Amino acid sequence: MTTDHQDTDTTILDTDVLVVGAGPAGLMLATELRLGGAEVVVVDQRPGPTTESRASTLHARTMEILDSRGLLDELGTPPCEPRGHFGGVPLDLTLPSPHPGQWKVAQTRTEELLQRRAAVLGADLRRRHQLLSLTAEDGVEAEAIGPYGPVRIRARYLVGCDGEDSTVRRLVRAPFPGKDAARELLRADVSGVEVADRRFQRLEHGLAIAATREGVTRVMVHEFGRPAAERGGAEPDFAEVTDVWKRVTGEDISQGTPLWVNAFGDANRQLAHYRHGRVLFAGDAAHRQMPSGGQALNLGVQDAFNLGWKLAAVVRGSAGEDLLDSYHSERHTVGRQVLANIRAQVELLLGGPEVEPARALLTELVALDGVRQHLAGMISGLGIRYDVEGPEIDSGAHPLLGRRLPDAWLEPAERGARRRTTELLRTGRGLLLSLDGDGAPALRATAAPWSDRVAFVADRPAAGGPLPTGQALLVRPDGYVAWAGSGPAGLARALTRWFGTLAADD
């Protein structure tokens, strides 16, 4: 339990998990930890949610995650664009999901939403706190400076969610292989200008992008052959943006009023290990990439969603530490795949005339539905398939094994209203879903010892839906299917792997 007391002039806190960073990944992690019963303290240098116009896209899988925790009503119905891109080549992102496409949600709004939920669930959020040092042996002890003086935080685990320039990563000296930025895009939000919308327009001298919403125009520009500048952490001047924009497009936007100016490069790095003993990493602290197609924020939120329930189970004592190793193996693999697709996109976006043949070929290929679905699944997160059985899912395995549980309607076996599978995930517990509607006594009996961690539901799938009749699915709290079968064979082993040993076995 979190305690707060004074030792001379130092505030001392004790908690299960210390999360460093209150961006989307850190706040999502805090909500999942609290939902799983872990005490959590979050520290962040900023006074509140970001006020900068950073990430503005939520992909389908992230929207499904928010839906599975009952957060979409509060988010409302943001604008949705079914079309995305791969390296600037238009790509239809429509796939089977209740939330296909790209949802336009400002990062400020995403952080506000997650911060409110974290607070309701009881997370201890400490703003204006800068991490200074940490040691990690049997537990973690961290030193921070807050607005009222020094703070010492003792925790069982620490998770660095503190962004691409992570202090936690530096203090742990975690290997972060990859490459630094060689090229960059300049970006600005500008009022008082009138320029035509441009969607990845490749001109003779560079790439230009422009879109106007609610009177504010976002421009992004790259001049072919221009290397990334050494900025020392500072942002570019608006004059630099206007100069490059004019050289690339011939247009003068210097009369506009800059609301925000930023540059981002094509650095591409990933931690060798997402877990360093008692210290773990999620979000941009674990991987650094150009935010092509809005993948960066979504990748971080999905890291946190994978880690939260696992870390909560470990600190509660219902699971062993090997469950945390599955976080690294699952999310490091996904991160590596995303960083690879972003490297390919960077070449297609920022390469000069030499990449035009590859762009022409890709334009032909995305017209093939198999290619389109593969790329759309990669970008949206809907194509993820975790290796839940190891060492590799057999090609003849159940088609849902390792994949997310589809959003589908269920017909109750007894009297009651129809309900969606997504609604069954809102408690943050596991789910054993028997789809024969008869209660499957053998399945129920097998899962009974885990009833404090796994809910048992016996419903029939609605006709014509994506779920198989006469079978059962074991679903993890993050919505991924960990076991599938028509009888109890293998169920106890899967329950033990993902939900821990029983008290009598400890």
# chains A, B, ... in the order shown; residues from 1 in each chain; ligands from 1
call {"tool": "closest_atom_pairs", "arguments": {"of": "range 289-407 of chain A", "to": "range 66-80 of chain A", "cutoff": "12 Å", "atoms": "only C-alpha atoms", "output": "tab-separated table"}}
result
residue	atom	partner	partner_atom	distance
A:Asn298	CA	A:Leu66	CA	11.5
A:Val301	CA	A:Leu66	CA	10.0
A:Gln302	CA	A:Leu66	CA	10.5
A:Phe305	CA	A:Leu66	CA	10.0
A:Arg404	CA	A:Ser68	CA	11.4
A:Leu405	CA	A:Ser68	CA	10.7
A:Pro406	CA	A:Ser68	CA	11.3
A:Asp407	CA	A:Ser68	CA	9.5
call {"tool": "select_by_dssp", "arguments": {"residues": "range 63-273 of chain A", "states": "strand (DSSP E)", "output": "NGL selection string"}}
result
:A and (80-81 or 83-86 or 89-92 or 102-104 or 124-126 or 130-136 or 140-146 or 149-160 or 178-179 or 184-191 or 198-202 or 206-213 or 216-223 or 257-265 or 268-270)
call {"tool": "residues_around", "arguments": {"residues": "Thr110 in chain A", "least_positions_apart": "2", "cutoff": "9 Å", "atoms": "only C-alpha atoms", "output": "ChimeraX atom specification"}}
result
/A:24,49,56,75,105-108,112-115
call {"tool": "write_last_selection", "arguments": {"atoms": "N, CA and C atoms", "output": "PDB file, in the first residue's frame"}}
result
ATOM      1  N   PRO A  24       0.798   8.931 -22.574  1.00  0.00           N
ATOM      2  CA  PRO A  24      -0.224   7.904 -22.808  1.00  0.00           C
ATOM      3  C   PRO A  24       0.177   6.519 -22.310  1.00  0.00           C
ATOM      4  N   PRO A  49      -1.210  17.253 -18.497  1.00  0.00           N
ATOM      5  CA  PRO A  49      -1.155  16.640 -19.836  1.00  0.00           C
ATOM      6  C   PRO A  49      -0.522  17.581 -20.852  1.00  0.00           C
ATOM      7  N   SER A  56      -1.803  12.544 -33.003  1.00  0.00           N
ATOM      8  CA  SER A  56      -3.229  12.878 -33.159  1.00  0.00           C
ATOM      9  C   SER A  56      -4.026  11.729 -33.757  1.00  0.00           C
ATOM     10  N   LEU A  75     -14.784   9.434 -24.479  1.00  0.00           N
ATOM     11  CA  LEU A  75     -14.026   9.989 -25.606  1.00  0.00           C
ATOM     12  C   LEU A  75     -14.952  10.595 -26.643  1.00  0.00           C
ATOM     13  N   VAL A 105      -7.680  12.017 -32.644  1.00  0.00           N
ATOM     14  CA  VAL A 105      -7.803  12.418 -31.239  1.00  0.00           C
ATOM     15  C   VAL A 105      -6.483  13.066 -30.833  1.00  0.00           C
ATOM     16  N   ALA A 106      -6.532  14.313 -30.416  1.00  0.00           N
ATOM     17  CA  ALA A 106      -5.313  14.998 -29.993  1.00  0.00           C
ATOM     18  C   ALA A 106      -4.710  14.303 -28.778  1.00  0.00           C
ATOM     19  N   GLN A 107      -3.391  14.270 -28.712  1.00  0.00           N
ATOM     20  CA  GLN A 107      -2.731  13.607 -27.589  1.00  0.00           C
ATOM     21  C   GLN A 107      -3.145  14.216 -26.252  1.00  0.00           C
ATOM     22  N   THR A 108      -3.381  15.512 -26.229  1.00  0.00           N
ATOM     23  CA  THR A 108      -3.854  16.154 -24.993  1.00  0.00           C
ATOM     24  C   THR A 108      -5.121  15.477 -24.490  1.00  0.00           C
ATOM     25  N   GLU A 112      -5.674  13.341 -21.052  1.00  0.00           N
ATOM     26  CA  GLU A 112      -6.690  13.761 -20.079  1.00  0.00           C
ATOM     27  C   GLU A 112      -7.627  12.600 -19.742  1.00  0.00           C
ATOM     28  N   LEU A 113      -8.037  11.855 -20.769  1.00  0.00           N
ATOM     29  CA  LEU A 113      -8.929  10.723 -20.572  1.00  0.00           C
ATOM     30  C   LEU A 113      -8.295   9.679 -19.664  1.00  0.00           C
ATOM     31  N   LEU A 114      -7.057   9.299 -19.950  1.00  0.00           N
ATOM     32  CA  LEU A 114      -6.387   8.268 -19.164  1.00  0.00           C
ATOM     33  C   LEU A 114      -6.024   8.761 -17.773  1.00  0.00           C
ATOM     34  N   GLN A 115      -5.704  10.042 -17.657  1.00  0.00           N
ATOM     35  CA  GLN A 115      -5.394  10.584 -16.326  1.00  0.00           C
ATOM     36  C   GLN A 115      -6.622  10.540 -15.425  1.00  0.00           C
TER      37      GLN A 115
END
call {"tool": "closest_residue", "arguments": {"among": "A:Ser191, A:Ser133, A:Gln270, A:Thr57", "to": "Gly283 in chain A", "atoms": "only C-alpha atoms"}}
result
A:Gln270
call {"tool": "closest_residue", "arguments": {"among": "A:Ala447, A:Leu271, A:Val371, A:Ala208", "to": "Thr496 in chain A", "atoms": "only C-alpha atoms"}}
result
A:Ala447
call {"tool": "select_by_dssp", "arguments": {"residues": "range 243-400 of chain A", "states": "helix (DSSP H, G or I)", "output": "PyMOL selection string"}}
result
chain A and resi 243-249+283-285+292-316+322-350+353-365+369-380
call {"tool": "residues_around", "arguments": {"residues": "Leu29 in chain A", "least_positions_apart": "6", "cutoff": "12 Å", "atoms": "only C-alpha atoms", "output": "VMD selection string"}}
result
chain A and resid 17 to 23 35 to 36 38 to 42 114 to 115 117 to 118 121 123 158 to 161 280 to 283 300 to 312 478
call {"tool": "write_last_selection", "arguments": {"atoms": "C-alpha atoms", "output": "tab-separated table (two decimals), in the first residue's frame"}}
result
chain	number	residue	atom	x	y	z
A	17	VAL	CA	5.12	-0.04	-8.77
A	18	LEU	CA	6.71	3.28	-9.62
A	19	VAL	CA	5.88	4.51	-13.12
A	20	VAL	CA	8.13	7.27	-14.47
A	21	GLY	CA	6.32	9.29	-17.12
A	22	ALA	CA	2.68	10.33	-17.41
A	23	GLY	CA	2.27	10.25	-21.16
A	35	LEU	CA	-7.42	-2.45	-12.18
A	36	GLY	CA	-5.27	-5.47	-11.34
A	38	ALA	CA	-1.46	-3.08	-7.55
A	39	GLU	CA	-0.54	0.15	-5.79
A	40	VAL	CA	1.12	2.61	-8.15
A	41	VAL	CA	2.87	5.97	-7.96
A	42	VAL	CA	3.39	7.93	-11.20
A	114	LEU	CA	-6.39	8.27	-19.16
A	115	GLN	CA	-5.39	10.58	-16.33
A	117	ARG	CA	-9.41	7.06	-15.23
A	118	ALA	CA	-6.13	6.52	-13.38
A	121	LEU	CA	-8.94	3.96	-9.86
A	123	ALA	CA	-3.30	5.90	-8.85
A	158	LEU	CA	9.82	0.52	-11.67
A	159	VAL	CA	8.63	1.06	-15.24
A	160	GLY	CA	10.23	3.70	-17.44
A	161	CYS	CA	7.59	5.35	-19.62
A	280	LEU	CA	10.98	-2.46	-17.16
A	281	PHE	CA	10.35	-0.14	-20.09
A	282	ALA	CA	7.33	0.74	-22.23
A	283	GLY	CA	6.49	3.22	-24.96
A	300	GLY	CA	3.32	2.58	-26.53
A	301	VAL	CA	-0.26	2.29	-25.29
A	302	GLN	CA	-0.34	-1.33	-26.44
A	303	ASP	CA	2.97	-2.00	-24.62
A	304	ALA	CA	1.36	-0.76	-21.42
A	305	PHE	CA	-1.81	-2.76	-21.95
A	306	ASN	CA	0.26	-5.93	-22.33
A	307	LEU	CA	2.41	-5.23	-19.26
A	308	GLY	CA	-0.15	-3.87	-16.80
A	309	TRP	CA	-2.11	-7.01	-15.95
A	310	LYS	CA	1.04	-9.14	-15.88
A	311	LEU	CA	2.90	-6.87	-13.47
A	312	ALA	CA	-0.18	-6.54	-11.27
A	478	ASP	CA	-5.53	-7.82	-22.52
call {"tool": "residues_around", "arguments": {"residues": "Ile145 in chain A", "least_positions_apart": "4", "cutoff": "9 Å", "atoms": "only C-alpha atoms", "output": "short mmCIF file (atom, residue, chain, number, x, y, z; two decimals) with C-alpha atoms, in the first residue's frame"}}
result
data_model
loop_
_atom_site.label_atom_id
_atom_site.label_comp_id
_atom_site.auth_asym_id
_atom_site.auth_seq_id
_atom_site.Cartn_x
_atom_site.Cartn_y
_atom_site.Cartn_z
CA ARG A 128 6.40 18.38 -11.34
CA HIS A 129 8.60 15.56 -10.07
CA GLN A 130 11.98 14.94 -11.72
CA LEU A 131 13.70 11.58 -11.31
CA LEU A 132 17.31 11.98 -10.14
CA GLY A 149 11.52 19.16 -1.95
CA PRO A 150 13.17 15.76 -2.26
CA VAL A 151 11.12 12.56 -2.51
CA ARG A 152 12.32 9.01 -1.93
#
call {"tool": "residues_around", "arguments": {"residues": "Asp197 in chain A", "least_positions_apart": "5", "cutoff": "12 Å", "atoms": "only C-alpha atoms", "output": "PDB file with C-alpha atoms, in the first residue's frame"}}
result
ATOM      1  CA  ALA A 208       5.198  18.551 -48.476  1.00  0.00           C
ATOM      2  CA  ILE A 209       2.164  17.769 -46.313  1.00  0.00           C
ATOM      3  CA  ALA A 210      -0.577  20.194 -45.278  1.00  0.00           C
ATOM      4  CA  ALA A 211      -3.982  19.840 -43.630  1.00  0.00           C
ATOM      5  CA  THR A 212      -6.280  22.462 -42.131  1.00  0.00           C
ATOM      6  CA  ARG A 213      -8.675  21.711 -39.272  1.00  0.00           C
ATOM      7  CA  VAL A 216      -5.219  25.696 -37.884  1.00  0.00           C
ATOM      8  CA  THR A 217      -2.987  24.389 -40.647  1.00  0.00           C
ATOM      9  CA  ARG A 218      -0.416  21.716 -39.919  1.00  0.00           C
ATOM     10  CA  VAL A 219       2.463  21.745 -42.360  1.00  0.00           C
ATOM     11  CA  MET A 220       5.251  19.173 -42.596  1.00  0.00           C
TER      12      MET A 220
END
call {"tool": "closest_residue", "arguments": {"among": "A:His59, A:Arg275, A:Lys246, A:Arg126", "to": "Arg46 in chain A", "atoms": "only C-alpha atoms"}}
result
A:Arg126
call {"tool": "atom_distance", "arguments": {"atom1": "CA of Val221 in chain A", "atom2": "CA of Leu185 in chain A"}}
result
5.5 Å
call {"tool": "residues_around", "arguments": {"residues": "Ala136 in chain A", "least_positions_apart": "2", "cutoff": "8 Å", "atoms": "only C-alpha atoms", "output": "tab-separated table (two decimals) with N, CA and C atoms, in the first residue's frame"}}
result
chain	number	residue	atom	x	y	z
A	134	LEU	N	18.25	6.11	-9.20
A	134	LEU	CA	17.55	4.90	-8.79
A	134	LEU	C	18.56	3.79	-8.57
A	138	ASP	N	16.87	-6.03	-4.62
A	138	ASP	CA	15.69	-6.81	-4.22
A	138	ASP	C	14.41	-6.03	-4.52
A	139	GLY	N	14.50	-4.73	-4.50
A	139	GLY	CA	13.42	-3.83	-4.86
A	139	GLY	C	14.03	-2.63	-5.58
A	140	VAL	N	13.28	-1.56	-5.66
A	140	VAL	CA	13.75	-0.34	-6.32
A	140	VAL	C	13.64	0.81	-5.34
A	141	GLU	N	14.67	1.62	-5.30
A	141	GLU	CA	14.60	2.86	-4.54
A	141	GLU	C	14.99	4.00	-5.47
A	277	GLY	N	15.71	-6.80	-14.79
A	277	GLY	CA	15.42	-7.16	-13.41
A	277	GLY	C	14.15	-6.51	-12.92
A	278	ARG	N	14.28	-5.62	-11.95
A	278	ARG	CA	13.12	-4.94	-11.36
A	278	ARG	C	12.70	-3.70	-12.15
A	279	VAL	N	13.42	-3.39	-13.21
A	279	VAL	CA	13.12	-2.21	-14.02
A	279	VAL	C	12.66	-2.66	-15.41
call {"tool": "atom_distance", "arguments": {"atom1": "CA of Glu251 in chain A", "atom2": "CA of Asp189 in chain A"}}
result
15.9 Å
call {"tool": "closest_residue", "arguments": {"among": "A:Gly37, A:Gly487, A:Gly146, A:Pro227", "to": "Gly428 in chain A", "atoms": "only C-alpha atoms"}}
result
A:Gly37
call {"tool": "closest_residue", "arguments": {"among": "A:Trp498, A:Arg418, A:Arg61, A:Pro100", "to": "Glu321 in chain A", "atoms": "only C-alpha atoms"}}
result
A:Trp498
call {"tool": "closest_residue", "arguments": {"among": "A:His222, A:Arg343, A:His205, A:His332", "to": "Asp266 in chain A", "atoms": "only C-alpha atoms"}}
result
A:Arg343
